[in-house]
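Presented below is the structure to which this report refers.
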Amino acid sequence: MRTSRTLRTAVAVAGALGVLSLSACGAADTGKSSAAGGDKTVKLTVPSWVGAQANVAVAKQILEEELGYTVKTQQMGEVLAWDALSKGDIDAILEDWGHPKEEKQYVETKKTVVKGGDLGVTGHIGWFVPKYFADEHPDVTDWKNLNKYAEEFRTAESGDKGELLEGSPDYVTHDDAIISNLKLDLKTKYAGSEAAQITAIKKYAKAEKPFLTYWWTPQWLNAEVEMVEVELPEHEEGCDADPEKVACAYPNTPLQKFLNADFAEEGGEAAEFLKNFNWTTEQQNEVALMIAGEKMAPEAAAEKWVKENEATWKAWLPQK
Amino acid sequence: MNGDTRQTTGAGTAGAGTAGAATEADAKAGTGADAKAGTGAGTRAGTEAAAPVGDDGTGHPEPPVFAVRGLWKVFGPKADRVPASAELTALSPAELRERTGCTAAVRDVGFDVRKGEVFVVMGLSGSGKSTLVRTLTRLIEPTSGSIAIDGEDVLSMDKARLRELRRHRAAMVFQHFGLLPHRTVLDNVAYGLEIQGVGRAERRARAAEVVAKVGLAGLEERRPGQLSGGQQQRVGLARALAVDPEVLLFDEPFSALDPLIRRDMQEEVIRLHREEGRTMVFITHDLNEALRLGDRIALMRDGRIVQLGTPEEIVGSPADDYVRDFVRDVPREQVMTVRTAMRPANGATEAEQGPAVAPGATVSEAIEAVARSGGPVRVVEGGRCLGVVDDAALLAVVAGVPAQEVAA
Amino acid sequence: MSATATTVPKPKPKPKPKPKTAAGEARMRHSGGGPREALRRRRGLLAGGGALAALLVLGAVLLGGGTWPAGLTADISAPLDAANDWVVDNRDSHPLFLYFLLHLSNTATDAVDSVYQVLDALGWLGVVAAAVLVAWRAAGLGRRGLRVALTALGAFAVCGLLGMWDATLLTIALMVVSVAAAALLGTLIGLAAGLSDRVDRALRPVLDTMQVMPAFAYLLPFVLVFGTGTPAALFCTVIYAAPPMARLTALGLRGADPAALEAAVSLGANGRQRLWTARLPLARRQMLLGLNQTIMMALSMVVIAALVGAGGLGEEVYSALATTDVGKAFAAGLPIVLIAVWLDRTTAAAGDAIGTSAPARSWLHGGRAWALVAAAVAAAAAVRTTGWPDAWTYDISAPVNRAQEWITTNLTFTEDWAREFTLWLLNPLRDALLWLPWWSVLLLVAAAARLVGNWLSAVTATAAMAAIGVLGVWTKSLNTLSQVLAALVVTLVLGFLAGVLCARAGRLERWVRPLLDAMQTMPQFVYLIPVVALFGATRTSAIVAAVVYALPAVVRITTQGLRDVDPAAVEASRSLGASSRQQLFGVQLPLARPALQLAVNQGVVLVLAVVVVGGLVGGGALGYDVIKGLSRGEMGLGMTAGIAIVCLGLVLDRVTQRTSRAPR
């Protein structure tokens, strides 16, 4: 068909012209140059969990009210945030639970990201059962007795094994390996998202049913649903080196901050402040509870906390 | 005479057949124009002007508007081989499809369309008539054969020349109108001019004229969707007329319309033809329509022309049983002229006295005259008496009994 | 996977009217079937059956049973992960990025920013005035225009009242740019496919893949290449939303009234003239329908776009999830539904207005009305309002949360249902699929596709199924397949029932319509929590989410199919004294079979489209892998699962789509 040939030619020409005109303007702005510098804008990533939202809300409050910055927040997945941090799309991650692969790639190899020090909060991952169940069966908190109670944790999904409720794919887990290496009569069930996991836990708690879940602290839900950790074989340095052979508990993780390398150098007071930012698990939980439990807006919660804890955050401000 | 007027364009005899058609028409010397059926005496006089001018047998004949020879259109795989092979051309349509998977829509067709005439191609659905009319401007590429317009070979035209032909020389009116629903009536009519590149103001002015001519004045700003079927086809007709083509091609233009509206539209075409004398090729499956409009009719069956002739010839002397069957229910007295029923005058009294009719008058008109006078009626042309018709001869025509038998 | 995945998949246009040209007649005659054809077909089936039996025996002897053999797999994650690393290492230096991709990325950001700034500068009064007046004008003025304009007014007022004004504007800005880009891309593709058969054939699988491949799976590479935030979100949205535009443009070009096209040719139009004066204008209605679908698809990406930092309403929904705040999620999801309704009604009305309009008597038509709209918007903008006034907001999250609480507390039977459903349907189905030897699954697929379609569809389906095995996700895919099948059964049962009811009671349909709209356009993330609260973090929840999403299309197509049944046939059966039941089962349902088949096919496509969402509420299997790939930055894992979903889509499509794929 004549039309189609004409058309194809036209499209090809248009495409070629478009590419040419784009290329003609030369190399594109990679976005890096604007990342640092004196325009007094700080870009932070907001992770999906509430504790980290508390970090960002408080940091934002202080940066804007005390230091005169504009803070832009962006929501994204953790690994995406690492990538964005490396590109300079964001300036800092305030709470990182450990991403060895990314740390190696960006901090050590590419050197586009630098460490920003401890957040002050220690994170811990483990297996938890509800307190009402542990009160009734105190020996459930030892992993050796888990097989005895496996039947209690059974659901339609897990068939003839006990169910171990897992959360979002974001989270680091060796549970499948632990189950098989410790020969436990359990089966993981991936809830798929934190929201689904929390909802499921709340549902069990309301009905006072027994359940076993992968869980962590600090977490705001812990104030609403009391849970007791099941003790797994003690964590030793290197026992989780081979993901296939893990048979021990999760370590305690001092949560880390990471900064974009350029921002760390040229970010001025903001970079200084974010490096100094350091608070305790209790303090973070206080804000997190306001957000999650009382359903306050993060900004309002941060404002309230900042007003009441001046002594704490004064220390984070850059020394003049 | 009856036997001679019949002609068919059978396989392999196309050239001969069409040549025959011309000779035969010459012999009839201009009476063909009067052979229109059903138009009544009043309109007949008018159509006289539109009589073929190129074939009066005296001067040099003008080249026909369309001259078609040995035309084939075969659909299907490797269609080319069919017309070329004597073996394949001899097959019936069913056999051909069985053997080759091909369908021959037009089989070895030849005819001339003379300047100023209304040439009707008639046949039932599937007879190939719509394909035939489309090959004339190569909307469908013919498989083999030749087509000439005013002596110029259509098949060898390049794209530009062909576009030129379509833009200026032949315009078509379609069964399903083919209007553009997003344009107003006026813009639809101006569409052909727009394609030619005529400026907006001029084309709208010219389109407005044509719109008025087809009786749509006042509806210029309507959209096709807001018009009745008959009005839509008037738009289609106006669109074709707007480009002022040398020849109008009609592809079953009225078959989608109600009978009454169809009749109106036929009148419209007759009126236009009378006023402008434009050459028309008219495709229809409706025998009455063909008889009303056609100066000459080509009757198609299975891709072939079974008979080509004036309405009178087709009704009066069908070429074969198929045609005979076809025309059986036609009111013959309205198609046949008195020429068919005429016998030589018996002596001077008969030749010089009594009421007279024109040789082109229909039998039904003659019957009326005979009934009034009570005796035979003279057939007079230019003051000369060609013969007389009496009640017996006229009845014979109506009954379909050959006149010779009556005379004998 | 024909046409339209999400939202309002209107039944495919009926087969074109028979071409009325002689050529058409001839072609029709020569393609007719006849007894020989039937005989050949039967012989083919017999041969197929025989071959199947032979293969079964052979397979049992040679291949044994069980799951896909490990030796026959090929790992594609390694090269994908390598590509991932290459991009990360080179994107700041490689010319491809510096001179091309980064320009695209920056242009995208600038475009969205500037649209947002324009909206912001208009102020709330200006934005509302623009939305209302454009809706009014596009819907062809008159009473219909007034109704659509009121819809627009209501939609925007509610967005403001919910306190979501700014997020709404941000989302609209992203929508404007992505829909414009998707429409442009779709139109170009559609033009190529509409004008050339070869391009059409080549593009069809590409479009299918674009639509069925879960966006989560290709979000990651886009983020790596274009960066987080607007660009990645924009390009993913464009990819996801362009196919309906392309398909419907092609369909419109192909379906244009052949008589009008022939008329254009007969008047000597050249190719360009034919395209601009006839083909494109004739395809306008279809193209507008395509635009409508594109808008709906783009809207369904709003929340997913928030995952990579695009902001807007999606971010509000997403952040509400972290605190399991259903009320807040709902307050952010409702504006998305309302924008969808506003745009759907406006474009639909504009489509209906085409060709019927020209109220020539009124002084208000054509350009004059547009000028009036522009002037009024300018006037409203001149008032210099800013964002929506804070005083005019109302927080609905508390009451919604209370309602949610009440429902989940009081509807306890749902959990038992979920358990029974899992025990009696889901588990047996999954176990049966896994128990079947892998080669017999292939044979089953081949046989089913051959029975429904032709040999080509059998080959395609089998190849797709085999590809799943080769990718090494056989077990997971069969698990997902079992969920998809179960969801499909539930969807079809409910959908056919509701469709029959709606078709028989017109009032019911009008009443149900907004509910269906909401079910289809409400981001699944909003009802994720209530679903889990009712059914637990289980596969049942995943299935419920899929059913909610796929049900509206099935209901609509069924209703429409039953409505379109030749009234003469129904009348004839009534005149013979058929009861209403007899009419339904004897006449209406059999005659509506093509529509019902389309409903099944669309059901498959839509259920598959939310497999990933199922992964978020406990569906596991492929859906979980896709999310995991995205959130852990493992491109190999995510893409493998994504491709497996596409393959499942191919299999199910070929097994459910009877008519339209006859070889040409």
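Each chain of the structure tokens is named A, B, ... in the order shown, its residues numbered from 1; ligands are numbered from 1 in display order.
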Original post:
Any idea what's packed within 10 Å of Arg247 (chain C), counting only C-alpha atoms, ignoring anything in its chain fewer than 5 positions away? Could you give it as a list in words?
Top reply: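 Skipping anything fewer than 5 positions along the chain leaves Ser2, Ala3, Thr4, Gly186, Thr187, Ile189, Gly190, Leu191, Ala193, Gly194, Asp200, Leu203, Arg204, Leu207, Ala242, Gly252, Leu253, Gln286, Met287 and Gly290 of chain C.
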With chain A as the partner and 6 Å as the cut-off, tabulate the residues of chain C that qualify, each row holding the nearest pair of atoms and their distance in Å to one decimal, using only C-alpha atoms, sorted by chain and rising number, as JSON lines.
{"residue": "C:Leu98", "atom": "CA", "partner": "A:Ala27", "partner_atom": "CA", "distance": 4.8}
{"residue": "C:Tyr99", "atom": "CA", "partner": "A:Ala27", "partner_atom": "CA", "distance": 4.9}
{"residue": "C:Leu102", "atom": "CA", "partner": "A:Ala28", "partner_atom": "CA", "distance": 5.6}
{"residue": "C:His103", "atom": "CA", "partner": "A:Ala28", "partner_atom": "CA", "distance": 5.4}
{"residue": "C:Leu195", "atom": "CA", "partner": "A:Ser4", "partner_atom": "CA", "distance": 5.3}
{"residue": "C:Gly271", "atom": "CA", "partner": "A:Thr3", "partner_atom": "CA", "distance": 4.8}
{"residue": "C:Leu307", "atom": "CA", "partner": "A:Met76", "partner_atom": "CA", "distance": 4.9}
{"residue": "C:Val308", "atom": "CA", "partner": "A:Met76", "partner_atom": "CA", "distance": 4.8}
{"residue": "C:Gly309", "atom": "CA", "partner": "A:Gln75", "partner_atom": "CA", "distance": 4.8}
{"residue": "C:Leu321", "atom": "CA", "partner": "A:Ala195", "partner_atom": "CA", "distance": 5.6}
{"residue": "C:Ala322", "atom": "CA", "partner": "A:Trp49", "partner_atom": "CA", "distance": 5.4}
{"residue": "C:Thr323", "atom": "CA", "partner": "A:Ala292", "partner_atom": "CA", "distance": 5.0}
{"residue": "C:Thr324", "atom": "CA", "partner": "A:Ala195", "partner_atom": "CA", "distance": 5.7}
{"residue": "C:Arg419", "atom": "CA", "partner": "A:Ala156", "partner_atom": "CA", "distance": 5.6}
{"residue": "C:Ala533", "atom": "CA", "partner": "A:Thr199", "partner_atom": "CA", "distance": 5.8}
{"residue": "C:Gly536", "atom": "CA", "partner": "A:Ala200", "partner_atom": "CA", "distance": 5.5}
{"residue": "C:Ala537", "atom": "CA", "partner": "A:Ala191", "partner_atom": "CA", "distance": 5.3}
{"residue": "C:Gly615", "atom": "CA", "partner": "A:Gly192", "partner_atom": "CA", "distance": 5.4}
{"residue": "C:Leu616", "atom": "CA", "partner": "A:Gly192", "partner_atom": "CA", "distance": 4.0}
{"residue": "C:Val617", "atom": "CA", "partner": "A:Ala191", "partner_atom": "CA", "distance": 5.4}
{"residue": "C:Gly618", "atom": "CA", "partner": "A:Ala191", "partner_atom": "CA", "distance": 4.1}
{"residue": "C:Lys628", "atom": "CA", "partner": "A:Pro169", "partner_atom": "CA", "distance": 4.9}
{"residue": "C:Ser631", "atom": "CA", "partner": "A:Asp170", "partner_atom": "CA", "distance": 5.4}
{"residue": "C:Arg632", "atom": "CA", "partner": "A:Val79", "partner_atom": "CA", "distance": 5.7}
{"residue": "C:Gly633", "atom": "CA", "partner": "A:Val79", "partner_atom": "CA", "distance": 5.6}
Restrict the calculation to only C-alpha atoms, then for each residue of chain B with any atom at most 7 Å from an atom of chain C give the closest atom pair and their distance in Å to one decimal, rows by chain and rising residue number, as a tab-separated table.
residue	atom	partner	partner_atom	distance
B:Thr103	CA	C:Ala26	CA	6.4
B:Ala105	CA	C:Ala26	CA	6.6
B:Gly126	CA	C:Glu25	CA	6.4
B:Gly128	CA	C:Ala22	CA	6.1
B:Ser130	CA	C:Ala22	CA	5.0
B:Thr131	CA	C:Ala22	CA	4.8
B:Leu139	CA	C:Ser266	CA	6.8
B:Arg163	CA	C:Gly268	CA	4.6
B:Glu164	CA	C:Gly268	CA	6.8
B:Arg166	CA	C:Gly268	CA	4.7
B:Arg167	CA	C:Gly268	CA	4.7
B:Ala171	CA	C:Leu267	CA	6.3
B:Met172	CA	C:Ser266	CA	6.5
B:His176	CA	C:Ala259	CA	6.1
B:Phe177	CA	C:Ala259	CA	6.8
B:Gly178	CA	C:Ala260	CA	3.5
B:Leu179	CA	C:Ala260	CA	5.4
B:Leu180	CA	C:Ala260	CA	6.2
B:Pro181	CA	C:Gly355	CA	5.8
B:His182	CA	C:Gly355	CA	4.9
B:Gly192	CA	C:Leu267	CA	5.6
B:Ile195	CA	C:Ala269	CA	5.7
B:Gly225	CA	C:Thr356	CA	6.8
**OP:** Compile the contact shell of Ala375 (chain C) as a VMD selection string: residues with an atom at most 12 Å away, counting only C-alpha atoms, same-chain residues fewer than 5 positions apart removed.
**Re:** chain C and resid 126 129 to 130 133 to 134 368 to 370 380 to 382
**OP:** Pull the helix (DSSP H, G or I) assignments for region 141-292 of chain A out of DSSP run on the backbone, and list those residues as an NGL selection string.
**Re:** :A and (141 or 143-153 or 175-181 or 194-207 or 220-223 or 243-245 or 261-266 or 268-276 or 281-292)
Counting only C-alpha atoms, which residues of region 86-189 of chain B fall within 12 Å of region 235-256 of chain B, and what is the closest atom pair for each with its distance in Å at one decimal, ordered by chain and rising number, as CSV?
residue,atom,partner,partner_atom,distance
B:Val113,CA,B:Val247,CA,9.8
B:Arg114,CA,B:Val247,CA,10.4
B:Lys115,CA,B:Val247,CA,8.7
B:Gly116,CA,B:Val247,CA,8.6
B:Glu117,CA,B:Val247,CA,9.8
B:Val118,CA,B:Leu248,CA,9.4
B:Phe119,CA,B:Leu249,CA,9.6
B:Val120,CA,B:Phe250,CA,9.2
B:Val121,CA,B:Asp251,CA,9.4
B:Met122,CA,B:Glu252,CA,9.4
B:Gly123,CA,B:Glu252,CA,10.6
B:Leu124,CA,B:Glu252,CA,11.1
B:Ser125,CA,B:Glu252,CA,10.5
B:Gly128,CA,B:Asp251,CA,11.6
B:Lys129,CA,B:Asp251,CA,8.6
B:Ser130,CA,B:Asp251,CA,6.4
B:Thr131,CA,B:Asp251,CA,9.5
B:Leu132,CA,B:Asp251,CA,9.9
B:Val133,CA,B:Asp251,CA,7.2
B:Arg134,CA,B:Asp251,CA,8.7
B:Thr135,CA,B:Leu249,CA,11.3
B:Leu136,CA,B:Leu249,CA,9.1
B:Thr137,CA,B:Leu249,CA,9.6
B:Ile149,CA,B:Val247,CA,9.9
B:Asp150,CA,B:Glu246,CA,10.0
B:Glu164,CA,B:Pro245,CA,11.0
B:Leu165,CA,B:Pro245,CA,9.2
B:Arg166,CA,B:Pro245,CA,8.7
B:Arg167,CA,B:Val243,CA,7.2
B:His168,CA,B:Pro245,CA,5.3
B:Arg169,CA,B:Pro245,CA,4.5
B:Ala170,CA,B:Val247,CA,4.9
B:Ala171,CA,B:Ala240,CA,5.1
B:Met172,CA,B:Leu249,CA,4.5
B:Val173,CA,B:Phe250,CA,4.8
B:Phe174,CA,B:Asp251,CA,5.1
B:Gln175,CA,B:Pro253,CA,4.2
B:His176,CA,B:Ala256,CA,7.3
B:Phe177,CA,B:Gly236,CA,5.6
B:Gly178,CA,B:Gly236,CA,7.4
B:Leu179,CA,B:Gly236,CA,6.8
B:Leu180,CA,B:Gly236,CA,10.2
B:Pro181,CA,B:Val235,CA,11.8
B:Arg183,CA,B:Val235,CA,11.6
B:Thr184,CA,B:Val235,CA,10.1
B:Val185,CA,B:Val235,CA,6.7
B:Leu186,CA,B:Val235,CA,8.5
B:Asp187,CA,B:Arg239,CA,9.2
B:Asn188,CA,B:Arg239,CA,6.6
B:Val189,CA,B:Arg239,CA,4.0
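For the choices B:Pro93, B:Lys159, B:Ala84, B:Arg222, the atom-to-atom distance to chain A is smallest for B:Lys159 when using only C-alpha atoms.
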**OP:** Could you check how far CA of Asp566 (chain C) sits from CA of Leu589 (chain C), in Å to one decimal?
**Re:**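 Computing it gives 11.5 Å between the two atoms.
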